[in-house]
Structure formats: structure tokens, C-alpha cells
>>> print(open('target_11.pdb').read())   # PDB, C-alpha atoms
ATOM      1  CA  MET A   1     115.403  12.577 -14.490
ATOM      2  CA  LEU A   2     112.163  13.922 -13.083
ATOM      3  CA  ARG A   3     112.047  17.370 -11.701
ATOM      4  CA  THR A   4     109.917  18.114  -8.764
ATOM      5  CA  GLY A   5     108.769  21.582  -8.142
ATOM      6  CA  SER A   6     106.674  23.058  -5.473
ATOM      7  CA  VAL A   7     103.573  24.945  -6.335
ATOM      8  CA  LEU A   8     102.096  27.261  -3.751
ATOM      9  CA  CYS A   9      98.373  27.517  -3.799
ATOM     10  CA  ARG A  10      96.798  30.384  -1.998
ATOM     11  CA  ARG A  11      93.285  29.856  -0.885
ATOM     12  CA  ALA A  12      90.979  32.612   0.112
ATOM     13  CA  PRO A  13      90.135  32.513   3.808
ATOM     14  CA  LEU A  14      86.889  30.786   4.617
ATOM     15  CA  LEU A  15      84.248  33.279   5.611
ATOM     16  CA  ARG A  16      81.059  32.053   7.147
ATOM     17  CA  SER A  17      77.913  34.020   7.028
ATOM     18  CA  TYR A  18      74.507  33.149   8.314
ATOM     19  CA  ALA A  19      71.176  34.265   7.005
ATOM     20  CA  THR A  20      69.588  36.482   9.575
ATOM     21  CA  ALA A  21      66.466  38.508   9.346
ATOM     22  CA  SER A  22      66.648  42.199  10.105
ATOM     23  CA  SER A  23      64.114  41.626  12.843
ATOM     24  CA  PRO A  24      62.679  38.375  14.172
ATOM     25  CA  HIS A  25      59.280  37.103  13.131
ATOM     26  CA  ALA A  26      57.229  34.830  15.363
ATOM     27  CA  LEU A  27      54.099  32.812  14.728
ATOM     28  CA  VAL A  28      52.204  31.879  17.877
ATOM     29  CA  PHE A  29      49.397  29.338  17.885
ATOM     30  CA  LEU A  30      46.907  30.531  20.486
ATOM     31  CA  GLU A  31      45.222  27.606  22.173
ATOM     32  CA  HIS A  32      41.988  28.356  23.941
ATOM     33  CA  ARG A  33      39.182  26.609  25.725
ATOM     34  CA  GLN A  34      35.722  28.039  25.189
ATOM     35  CA  GLY A  35      37.218  31.409  24.201
ATOM     36  CA  VAL A  36      39.700  31.728  27.081
ATOM     37  CA  ILE A  37      43.379  31.678  26.033
ATOM     38  CA  GLU A  38      45.480  28.986  27.720
ATOM     39  CA  PRO A  39      48.243  30.277  30.059
ATOM     40  CA  GLY A  40      50.986  28.604  27.998
ATOM     41  CA  SER A  41      49.816  30.436  24.887
ATOM     42  CA  LEU A  42      49.829  33.741  26.749
ATOM     43  CA  SER A  43      53.417  33.073  27.841
ATOM     44  CA  ALA A  44      54.437  32.297  24.259
ATOM     45  CA  LEU A  45      52.689  35.436  23.019
ATOM     46  CA  THR A  46      54.427  37.618  25.611
ATOM     47  CA  ALA A  47      57.835  36.061  24.854
ATOM     48  CA  ALA A  48      57.359  36.583  21.111
ATOM     49  CA  GLU A  49      56.457  40.233  21.696
ATOM     50  CA  LYS A  50      59.660  40.729  23.745
ATOM     51  CA  LEU A  51      61.750  39.601  20.751
ATOM     52  CA  GLY A  52      60.937  42.953  19.198
ATOM     53  CA  GLY A  53      59.927  41.754  15.744
ATOM     54  CA  GLN A  54      56.674  40.987  14.023
ATOM     55  CA  VAL A  55      54.295  38.685  15.882
ATOM     56  CA  SER A  56      51.551  36.773  14.116
ATOM     57  CA  ALA A  57      48.978  34.727  15.976
ATOM     58  CA  LEU A  58      46.855  31.860  14.712
ATOM     59  CA  VAL A  59      43.498  31.195  16.345
ATOM     60  CA  ILE A  60      41.255  28.341  15.281
ATOM     61  CA  GLY A  61      37.797  27.871  16.685
ATOM     62  CA  SER A  62      34.120  28.459  16.340
ATOM     63  CA  PRO A  63      32.801  31.884  15.315
ATOM     64  CA  GLU A  64      31.385  32.525  18.786
ATOM     65  CA  HIS A  65      34.745  31.917  20.548
ATOM     66  CA  VAL A  66      37.326  33.456  18.198
ATOM     67  CA  PRO A  67      36.309  37.133  18.673
ATOM     68  CA  ASN A  68      36.809  36.815  22.433
ATOM     69  CA  VAL A  69      40.264  35.250  21.906
ATOM     70  CA  VAL A  70      41.213  38.042  19.497
ATOM     71  CA  ALA A  71      40.093  40.668  22.021
ATOM     72  CA  GLN A  72      42.246  39.041  24.718
ATOM     73  CA  ALA A  73      45.258  38.775  22.404
ATOM     74  CA  LYS A  74      45.036  42.476  21.503
ATOM     75  CA  LYS A  75      45.925  43.291  25.119
ATOM     76  CA  TYR A  76      49.319  41.608  24.648
ATOM     77  CA  VAL A  77      50.247  42.488  21.057
ATOM     78  CA  LEU A  78      50.772  46.086  19.955
ATOM     79  CA  HIS A  79      50.117  45.543  16.222
ATOM     80  CA  PHE A  80      47.138  43.478  15.209
ATOM     81  CA  GLY A  81      45.862  42.562  11.755
ATOM     82  CA  LEU A  82      42.357  41.757  10.676
ATOM     83  CA  PRO A  83      41.035  38.292  11.469
ATOM     84  CA  HIS A  84      40.362  36.018   8.525
ATOM     85  CA  THR A  85      37.494  33.601   8.345
ATOM     86  CA  LEU A  86      37.707  30.421   6.280
ATOM     87  CA  PHE A  87      34.718  28.216   5.660
TER      88      PHE A  87
END
>>> encode(input="target_11.pdb", output="C-alpha cells")
Amino acid sequence: MLRTGSVLCRRAPLLRSYATASSPHALVFLEHRQGVIEPGSLSALTAAEKLGGQVSALVIGSPEHVPNVVAQAKKYVLHFGLPHTLF
């Protein structure tokens, strides 16, 4: 005769955790035309700044236009790093 027994298995409760940064980081690509930042890029830059974390901006263009774009972007971002030039 076969004996059947019941075995109770206790499982640990499932705990979900999500990876979150301590503060948000945003990378904004600043589009410009002849050194003037596009309105959509300014909106994205302002929204990223309101998140309260670190904001990085990427500007691509000719050497005569990029400094003007950087000067405009400094008005919207509190912390600004040094521009990098790649050839």
C-alpha cells in the first residue's frame, strides 16, 4: 500500500525592486541652425533641468557656431562643463 503524505513548502514572498538612480540624469541633444538653438531643444533642456538631476547637452556643429550655442545653453543650465572639440 502506498502512503501519501503532504509536504508543505513555504516560499519566501516575492519582492520586486527596481533599479533607480539617486537622482535623474538627462542627455539633451541641442539642435541648432546657424548657431541659434531650436525651440524644441530649448524645451527639452528646460524640462531636463526641472527633473533636478544632472543635465548633459550634446552640441554638434562648426567651430564658428558651437560657441554661440554653448553661450545660449548656459542661460538655461546651472552647471556647465567644458566643451570638447573632436577633429
>>> resolve_selection(input="target_11.pdb", expression="the PyMOL selection byres ((chain A and resi 52) around 12)", output="list in words")
Ser22, Ser23, Pro24, His25, Ala26, Leu45, Thr46, Ala47, Ala48, Glu49, Lys50, Leu51, Gly53, Gln54, Val55, Val77, Leu78 and His79 of chain A
>>> atom_distance(input="target_11.pdb", atom1="CA of Val69 (chain A)", atom2="CA of Ile37 (chain A)")
6.3 Å
>>> resolve_selection(input="target_11.pdb", expression="the PyMOL selection byres ((chain A and resi 73) around 9)", output="CSV table (one decimal) with C-alpha atoms, keeping the file's coordinate frame")
chain,number,residue,atom,x,y,z
A,30,LEU,CA,46.9,30.5,20.5
A,37,ILE,CA,43.4,31.7,26.0
A,42,LEU,CA,49.8,33.7,26.7
A,45,LEU,CA,52.7,35.4,23.0
A,57,ALA,CA,49.0,34.7,16.0
A,68,ASN,CA,36.8,36.8,22.4
A,69,VAL,CA,40.3,35.2,21.9
A,70,VAL,CA,41.2,38.0,19.5
A,71,ALA,CA,40.1,40.7,22.0
A,72,GLN,CA,42.2,39.0,24.7
A,74,LYS,CA,45.0,42.5,21.5
A,75,LYS,CA,45.9,43.3,25.1
A,76,TYR,CA,49.3,41.6,24.6
A,77,VAL,CA,50.2,42.5,21.1
A,80,PHE,CA,47.1,43.5,15.2
>>> resolve_selection(input="target_11.pdb", expression="the PyMOL selection byres ((chain A and resi 29) around 9)", output="ChimeraX atom specification")
/A:27-28,30-31,41,44-45,56-60
